[in-house]
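Student: My structure is stored as input00.cif, with mmCIF, C-alpha atoms.
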data_data
#
loop_
_atom_site.group_PDB
_atom_site.id
_atom_site.type_symbol
_atom_site.label_atom_id
_atom_site.label_comp_id
_atom_site.auth_asym_id
_atom_site.auth_seq_id
_atom_site.Cartn_x
_atom_site.Cartn_y
_atom_site.Cartn_z
ATOM 1 C CA MET A 278 182.655 44.304 146.951
ATOM 2 C CA THR A 279 184.428 43.241 143.778
ATOM 3 C CA ARG A 280 182.946 43.669 140.317
ATOM 4 C CA VAL A 281 183.077 39.899 139.859
ATOM 5 C CA GLY A 282 181.167 39.426 143.119
ATOM 6 C CA ALA A 283 178.502 41.911 142.061
ATOM 7 C CA ALA A 284 178.223 40.351 138.611
ATOM 8 C CA ALA A 285 177.948 36.869 140.112
ATOM 9 C CA GLY A 286 175.112 38.108 142.261
ATOM 10 C CA GLN A 287 173.338 39.515 139.211
ATOM 11 C CA ALA A 288 173.848 36.248 137.316
ATOM 12 C CA THR A 289 171.947 34.195 139.872
ATOM 13 C CA GLY A 290 168.332 33.431 139.193
ATOM 14 C CA ALA A 291 165.581 33.285 141.767
ATOM 15 C CA GLY A 292 165.887 30.284 144.029
ATOM 16 C CA LEU A 293 169.284 29.239 142.668
ATOM 17 C CA LEU A 294 170.548 27.992 146.034
ATOM 18 C CA ASP A 295 167.227 26.265 146.741
ATOM 19 C CA ARG A 296 167.375 24.351 143.456
ATOM 20 C CA ALA A 297 171.039 23.405 143.910
ATOM 21 C CA ILE A 298 170.337 22.079 147.401
ATOM 22 C CA SER A 299 167.296 20.110 146.235
ATOM 23 C CA TYR A 300 169.370 18.453 143.511
ATOM 24 C CA ALA A 301 172.272 17.662 145.871
ATOM 25 C CA ILE A 302 170.025 16.249 148.605
ATOM 26 C CA GLY A 303 168.451 13.958 146.027
ATOM 27 C CA VAL A 304 171.731 12.553 144.759
ATOM 28 C CA ALA A 305 173.200 12.223 148.263
ATOM 29 C CA GLY A 306 170.367 9.802 149.018
ATOM 30 C CA ASP A 307 172.179 7.331 146.730
ATOM 31 C CA VAL A 308 175.260 7.146 148.988
ATOM 32 C CA ALA A 309 175.794 3.858 150.813
ATOM 33 C CA PRO A 310 178.743 3.181 153.162
ATOM 34 C CA GLU A 311 180.261 0.638 150.785
ATOM 35 C CA LEU A 312 180.560 3.359 148.101
ATOM 36 C CA LEU A 313 182.743 5.685 150.218
ATOM 37 C CA PRO A 314 186.072 4.380 148.828
ATOM 38 C CA ARG A 315 184.970 4.945 145.201
ATOM 39 C CA PRO A 316 186.809 7.581 143.145
ATOM 40 C CA THR A 317 185.137 10.867 142.247
ATOM 41 C CA PRO A 318 185.649 13.311 139.365
ATOM 42 C CA CYS A 319 187.700 15.387 141.856
ATOM 43 C CA ARG A 320 191.189 14.050 141.209
ATOM 44 C CA GLU A 321 192.740 12.115 144.101
ATOM 45 C CA TRP A 322 189.532 12.281 146.177
ATOM 46 C CA ASP A 323 187.326 9.358 147.048
ATOM 47 C CA LEU A 324 183.666 9.769 147.958
ATOM 48 C CA GLU A 325 184.413 9.956 151.697
ATOM 49 C CA MET A 326 186.891 12.828 151.178
ATOM 50 C CA LEU A 327 184.432 14.623 148.903
ATOM 51 C CA LEU A 328 181.611 14.359 151.453
ATOM 52 C CA ARG A 329 183.877 15.667 154.232
ATOM 53 C CA HIS A 330 184.800 18.653 152.057
ATOM 54 C CA ALA A 331 181.171 19.282 151.055
ATOM 55 C CA ASN A 332 180.117 19.171 154.716
ATOM 56 C CA GLU A 333 182.807 21.756 155.560
ATOM 57 C CA SER A 334 181.490 23.964 152.745
ATOM 58 C CA LEU A 335 177.923 23.736 154.027
ATOM 59 C CA THR A 336 179.125 24.601 157.548
ATOM 60 C CA ALA A 337 180.953 27.670 156.186
ATOM 61 C CA LEU A 338 177.866 28.853 154.291
ATOM 62 C CA LEU A 339 175.754 28.426 157.431
ATOM 63 C CA GLU A 340 178.356 30.375 159.401
ATOM 64 C CA GLY A 341 178.126 33.190 156.883
ATOM 65 C CA LEU A 342 174.353 33.413 157.193
ATOM 66 C CA ASP A 343 174.314 33.068 160.973
ATOM 67 C CA ALA A 344 177.272 35.281 161.887
ATOM 68 C CA GLY A 345 177.653 37.408 158.755
ATOM 69 C CA ARG A 346 181.265 36.253 158.503
ATOM 70 C CA ILE A 347 183.104 33.185 157.214
ATOM 71 C CA GLY A 348 186.530 32.369 158.646
ATOM 72 C CA LEU A 349 189.365 31.159 156.445
ATOM 73 C CA GLU A 350 189.930 27.966 158.446
ATOM 74 C CA PRO A 351 187.120 25.369 158.545
ATOM 75 C CA ALA A 352 185.974 24.151 161.937
ATOM 76 C CA ALA A 353 187.446 20.773 162.833
ATOM 77 C CA GLU A 354 184.855 18.032 162.509
ATOM 78 C CA ASP A 355 185.153 14.298 162.840
ATOM 79 C CA GLU A 356 181.936 12.618 161.770
ATOM 80 C CA PRO A 357 181.985 8.832 161.379
ATOM 81 C CA ALA A 358 182.304 7.922 157.696
ATOM 82 C CA ALA A 359 178.979 6.071 157.706
ATOM 83 C CA ASP A 360 177.179 9.303 158.754
ATOM 84 C CA LEU A 361 178.680 11.633 156.143
ATOM 85 C CA ALA A 362 175.818 11.485 153.614
ATOM 86 C CA ARG A 363 173.207 11.922 156.356
ATOM 87 C CA VAL A 364 175.140 14.909 157.754
ATOM 88 C CA PHE A 365 175.371 16.369 154.236
ATOM 89 C CA ARG A 366 171.605 16.126 153.729
ATOM 90 C CA GLU A 367 170.872 17.581 157.193
ATOM 91 C CA ARG A 368 173.250 20.517 156.752
ATOM 92 C CA ALA A 369 171.922 21.203 153.286
ATOM 93 C CA ARG A 370 168.384 21.354 154.703
ATOM 94 C CA GLN A 371 169.607 23.659 157.511
ATOM 95 C CA LEU A 372 171.194 25.953 154.934
ATOM 96 C CA LEU A 373 168.009 26.006 152.882
ATOM 97 C CA SER A 374 165.998 26.889 155.976
ATOM 98 C CA ALA A 375 168.480 29.586 157.029
ATOM 99 C CA TRP A 376 168.543 31.107 153.533
ATOM 100 C CA SER A 377 164.750 31.045 153.228
ATOM 101 C CA GLY A 378 164.000 32.201 156.772
ATOM 102 C CA ALA A 379 162.323 35.567 157.135
ATOM 103 C CA GLY A 380 164.794 38.245 158.162
ATOM 104 C CA ARG A 381 167.775 35.903 157.911
ATOM 105 C CA ARG A 382 169.096 37.140 154.590
ATOM 106 C CA ARG A 383 172.015 39.474 154.945
ATOM 107 C CA SER A 384 173.032 41.989 152.308
ATOM 108 C CA VAL A 385 176.763 41.435 152.890
ATOM 109 C CA ILE A 386 178.787 38.460 154.162
ATOM 110 C CA TYR A 387 182.439 38.910 155.118
ATOM 111 C CA ILE A 388 184.994 36.307 154.131
ATOM 112 C CA ALA A 389 187.858 37.166 156.450
ATOM 113 C CA ASP A 390 187.788 40.975 156.005
ATOM 114 C CA CYS A 391 186.494 41.035 152.428
ATOM 115 C CA PRO A 392 182.819 41.923 151.892
ATOM 116 C CA LEU A 393 180.778 39.777 149.531
ATOM 117 C CA ALA A 394 177.183 40.449 148.541
ATOM 118 C CA ALA A 395 174.927 37.750 149.957
ATOM 119 C CA SER A 396 173.538 37.258 146.437
ATOM 120 C CA ALA A 397 177.078 36.496 145.209
ATOM 121 C CA MET A 398 177.493 34.053 148.080
ATOM 122 C CA GLU A 399 174.256 32.424 146.935
ATOM 123 C CA GLY A 400 175.716 31.957 143.458
ATOM 124 C CA ALA A 401 179.033 30.618 144.723
ATOM 125 C CA GLY A 402 177.307 28.363 147.257
ATOM 126 C CA ALA A 403 174.860 27.024 144.675
ATOM 127 C CA LEU A 404 177.748 26.283 142.313
ATOM 128 C CA GLU A 405 179.692 24.455 145.028
ATOM 129 C CA ILE A 406 176.710 22.417 146.215
ATOM 130 C CA ALA A 407 175.336 21.449 142.798
ATOM 131 C CA VAL A 408 178.693 20.522 141.286
ATOM 132 C CA HIS A 409 179.641 18.439 144.308
ATOM 133 C CA GLY A 410 176.203 16.849 144.051
ATOM 134 C CA TRP A 411 177.124 15.954 140.460
ATOM 135 C CA ASP A 412 180.431 14.528 141.729
ATOM 136 C CA ILE A 413 178.550 12.431 144.304
ATOM 137 C CA SER A 414 176.190 11.122 141.645
ATOM 138 C CA GLN A 415 179.111 10.161 139.414
ATOM 139 C CA ALA A 416 180.875 8.342 142.262
ATOM 140 C CA CYS A 417 177.691 6.442 143.142
ATOM 141 C CA GLY A 418 177.344 5.299 139.518
ATOM 142 C CA HIS A 419 173.972 6.980 138.937
ATOM 143 C CA ARG A 420 175.310 9.907 136.882
ATOM 144 C CA ARG A 421 172.266 12.119 137.329
ATOM 145 C CA PRO A 422 172.804 15.395 135.480
ATOM 146 C CA ILE A 423 172.241 18.761 137.091
ATOM 147 C CA PRO A 424 168.827 19.955 135.849
ATOM 148 C CA ARG A 425 169.175 21.855 132.566
ATOM 149 C CA ALA A 426 168.003 25.319 133.661
ATOM 150 C CA LEU A 427 170.000 25.146 136.894
ATOM 151 C CA ALA A 428 173.150 23.992 135.072
ATOM 152 C CA ALA A 429 172.835 26.788 132.491
ATOM 153 C CA GLU A 430 172.527 29.430 135.225
ATOM 154 C CA LEU A 431 175.434 27.921 137.179
ATOM 155 C CA LEU A 432 177.610 27.916 134.062
ATOM 156 C CA ALA A 433 177.094 31.690 133.831
ATOM 157 C CA VAL A 434 178.118 31.999 137.497
ATOM 158 C CA ALA A 435 181.143 29.721 137.013
ATOM 159 C CA GLU A 436 182.355 31.780 134.050
ATOM 160 C CA LEU A 437 182.405 34.823 136.346
ATOM 161 C CA LEU A 438 183.942 33.165 139.418
ATOM 162 C CA VAL A 439 186.467 30.705 137.977
ATOM 163 C CA PRO A 440 189.400 32.430 136.273
ATOM 164 C CA GLU A 441 190.810 31.326 132.935
ATOM 165 C CA THR A 442 194.292 31.430 134.423
ATOM 166 C CA GLY A 443 195.313 30.542 137.945
ATOM 167 C CA ARG A 444 192.643 27.835 138.243
ATOM 168 C CA HIS A 445 195.018 25.237 139.655
ATOM 169 C CA PRO A 446 194.861 23.666 142.241
ATOM 170 C CA LEU A 447 191.150 24.363 142.789
ATOM 171 C CA PHE A 448 190.079 23.473 139.251
ATOM 172 C CA ALA A 449 191.597 21.508 136.408
ATOM 173 C CA ALA A 450 191.722 22.950 132.902
ATOM 174 C CA PRO A 451 188.427 22.881 130.993
ATOM 175 C CA VAL A 452 187.686 19.613 129.205
ATOM 176 C CA ALA A 453 186.706 19.463 125.523
ATOM 177 C CA LEU A 454 183.205 18.203 124.778
ATOM 178 C CA PRO A 455 181.484 17.037 121.609
ATOM 179 C CA PRO A 456 179.072 19.501 119.964
ATOM 180 C CA GLY A 457 175.574 19.387 121.394
ATOM 181 C CA ALA A 458 176.604 18.549 124.984
ATOM 182 C CA GLY A 459 173.953 19.539 127.501
ATOM 183 C CA PRO A 460 174.371 22.258 130.142
ATOM 184 C CA SER A 461 175.222 19.807 132.943
ATOM 185 C CA ASP A 462 178.086 18.302 130.919
ATOM 186 C CA ARG A 463 179.238 21.780 129.801
ATOM 187 C CA LEU A 464 179.344 22.999 133.411
ATOM 188 C CA ALA A 465 181.276 19.943 134.576
ATOM 189 C CA ALA A 466 183.687 20.250 131.643
ATOM 190 C CA PHE A 467 184.254 23.963 132.303
ATOM 191 C CA LEU A 468 185.308 23.013 135.843
ATOM 192 C CA GLY A 469 187.687 20.332 134.551
ATOM 193 C CA ARG A 470 185.457 17.325 135.208
ATOM 194 C CA THR A 471 184.361 14.466 132.988
ATOM 195 C CA ARG A 472 181.659 11.867 133.406
ATOM 196 C CA GLN A 473 182.949 8.660 134.912
ATOM 197 C CA ALA A 474 182.730 5.461 132.893
#
Since I need it in another form, could you write the structure as structure tokens?
Tutor:
Amino acid sequence: MTRVGAAAGQATGAGLLDRAISYAIGVAGDVAPELLPRPTPCREWDLEMLLRHANESLTALLEGLDAGRIGLEPAAEDEPAADLARVFRERARQLLSAWSGAGRRRSVIYIADCPLAASAMEGAGALEIAVHGWDISQACGHRRPIPRALAAELLAVAELLVPETGRHPLFAAPVALPPGAGPSDRLAAFLGRTRQA
């Protein structure tokens, strides 16, 4: 396991994945089929593309918990566009159940042949789910921030997992913010995102 992976695991607070999933499920309830073509803070992605990606991420996290291993290629899926938000909420609930289930927690998850502490996967998964929840909320026009304590903890995780150099194409450069910005805005800005007008 890498030092970054171990540190990311130590940076996660109790119930980090649970809180990220709860936030994301809540904002995904705002998705309506007519909103799917709307742009998101993820450059060149509309809401439909974002939901497809988020659903692939949830499937990979479930695979890691169930099989102890995550493959490098996502499983091919072809859900109808109108079902994407429902599928997102269902998979998020499945992940929450799998993570919380007695005896289901693994100490190590393999990504290809690289071991990752399950606690580090929790941090990375929580970051992915919460930030894409924020993206969904922005695209829907509701702009609900990530809860303050959760955003502050995820910012600590992001600072460990997202490199200062070599961020592209996964992340844009950090965005400048005015003094006094809250943790949700600071997290989004660190990952190269800005609130939509």
Student: Please report, as JSON lines, each residue of range 389-426 of chain A lying at most 12 Å from range 366-374 of chain A, together with the nearest pair of atoms and the separation in Å rounded to one decimal; use only C-alpha atoms, and order rows by chain and ascending residue number.
Tutor:
{"residue": "A:Glu399", "atom": "CA", "partner": "A:Leu372", "partner_atom": "CA", "distance": 10.7}
{"residue": "A:Gly402", "atom": "CA", "partner": "A:Leu372", "partner_atom": "CA", "distance": 10.1}
{"residue": "A:Ala403", "atom": "CA", "partner": "A:Leu373", "partner_atom": "CA", "distance": 10.7}
{"residue": "A:Glu405", "atom": "CA", "partner": "A:Ala369", "partner_atom": "CA", "distance": 11.8}
{"residue": "A:Ile406", "atom": "CA", "partner": "A:Ala369", "partner_atom": "CA", "distance": 8.6}
{"residue": "A:Ala407", "atom": "CA", "partner": "A:Ala369", "partner_atom": "CA", "distance": 11.0}
{"residue": "A:Gly410", "atom": "CA", "partner": "A:Arg366", "partner_atom": "CA", "distance": 10.7}
Student: Taking only C-alpha atoms into account, which of A:Ala394, A:Ala301, A:Cys319, A:Ala416 comes nearest Ala449 in chain A?
Tutor: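 The closest residue to Ala449 in chain A is A:Cys319.
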Student: What is the CA of Ala297 in chain A-CA of Leu404 in chain A distance in Å, reported with one decimal?
Tutor: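 So the answer is 7.5 Å.
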Student: For range 341-444 of chain A against range 320-336 of chain A, with a cut-off of 7 Å and counting all atoms listed in the file, what is the closest atom pair and its distance in Å to one decimal for every residue that makes the cut, ordered by chain and number, as a tab-separated table?
Tutor:
residue	atom	partner	partner_atom	distance
A:Pro351	CA	A:Glu333	CA	6.4
A:Ala358	CA	A:Glu325	CA	6.7
A:Leu361	CA	A:Leu328	CA	6.2
A:Ala362	CA	A:Leu328	CA	6.8
A:Phe365	CA	A:Asn332	CA	5.5
A:Arg368	CA	A:Leu335	CA	6.3
A:Ala369	CA	A:Leu335	CA	6.6
A:His409	CA	A:Ala331	CA	7.0
A:Ile413	CA	A:Leu324	CA	6.8
A:Ala416	CA	A:Leu324	CA	6.5
Student: How far is it from CA of Leu342 in chain A to CA of Trp411 in chain A, in Å with one decimal?
Tutor: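 Answer for the CA of Leu342 in chain A to CA of Trp411 in chain A separation: 24.3 Å.
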Student: Can you list what the PyMOL selection byres ((chain A and resi 447) around 12) grabs from this structure, as a list in words?
Tutor: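 Matching residues under the PyMOL selection byres ((chain A and resi 447) around 12) are Cys319, Arg320, Glu405, Leu438, Val439, Pro440, Thr442, Gly443, Arg444, His445, Pro446, Phe448, Ala449, Ala450, Leu468, Gly469 and Arg470 of chain A.
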Student: To one decimal place, how far is CA of Ala429 in chain A from CA of Asp295 in chain A in Å?
Tutor: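 We find that CA of Ala429 in chain A and CA of Asp295 in chain A lie 15.3 Å from each other.
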Student: Could you state which residues are captured by the PyMOL selection byres ((chain A and resi 384) around 6) in this file, as a list in words?
Tutor: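 That selection, the PyMOL selection byres ((chain A and resi 384) around 6), comes back as Arg383, Val385, Ala394 and Ala395 of chain A.
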Student: Would you kindly translate the PyMOL selection byres ((chain A and resi 452) around 6) into the concrete residues it picks from this file, as a PDB file with C-alpha atoms, keeping the file's coordinate frame?
Tutor:
ATOM      1  CA  PRO A 451     188.427  22.881 130.993  1.00  0.00           C
ATOM      2  CA  ALA A 453     186.706  19.463 125.523  1.00  0.00           C
ATOM      3  CA  ALA A 466     183.687  20.250 131.643  1.00  0.00           C
ATOM      4  CA  GLY A 469     187.687  20.332 134.551  1.00  0.00           C
TER       5      GLY A 469
END
Student: Counting only C-alpha atoms, which residue out of A:Ala401, A:Leu349, A:Gly418, A:Leu454 sits closest to Glu430 in chain A?
Tutor: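 Of A:Ala401, A:Leu349, A:Gly418, A:Leu454, the one nearest Glu430 in chain A is A:Ala401, counting only C-alpha atoms.
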Student: Using all atoms listed in the file, can you tell me which of A:Glu441, A:Ile423, A:Arg363, A:Gly378 comes closest to Leu464 in chain A?
Tutor: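 Once distances to Leu464 in chain A are computed over all atoms listed in the file, the minimum belongs to A:Ile423.
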Student: Rank nothing, just name the residue among A:Leu312, A:Thr317, A:Val434, A:Ala428 nearest to Met398 in chain A, using only C-alpha atoms.
Tutor: A:Val434
Student: So, counting all atoms listed in the file, which residue among A:Leu313, A:Leu293, A:Ala435, A:Cys417 is closest to Arg472 in chain A?
Tutor: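 For Arg472 in chain A, the nearest of the given residues is A:Cys417.
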Student: Which is closest to Pro314 in chain A among A:Ala389, A:Ala359, A:Leu427, A:Ile347, if we use all atoms listed in the file?
Tutor: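 Of all the options, A:Ala359 lies closest to Pro314 in chain A.
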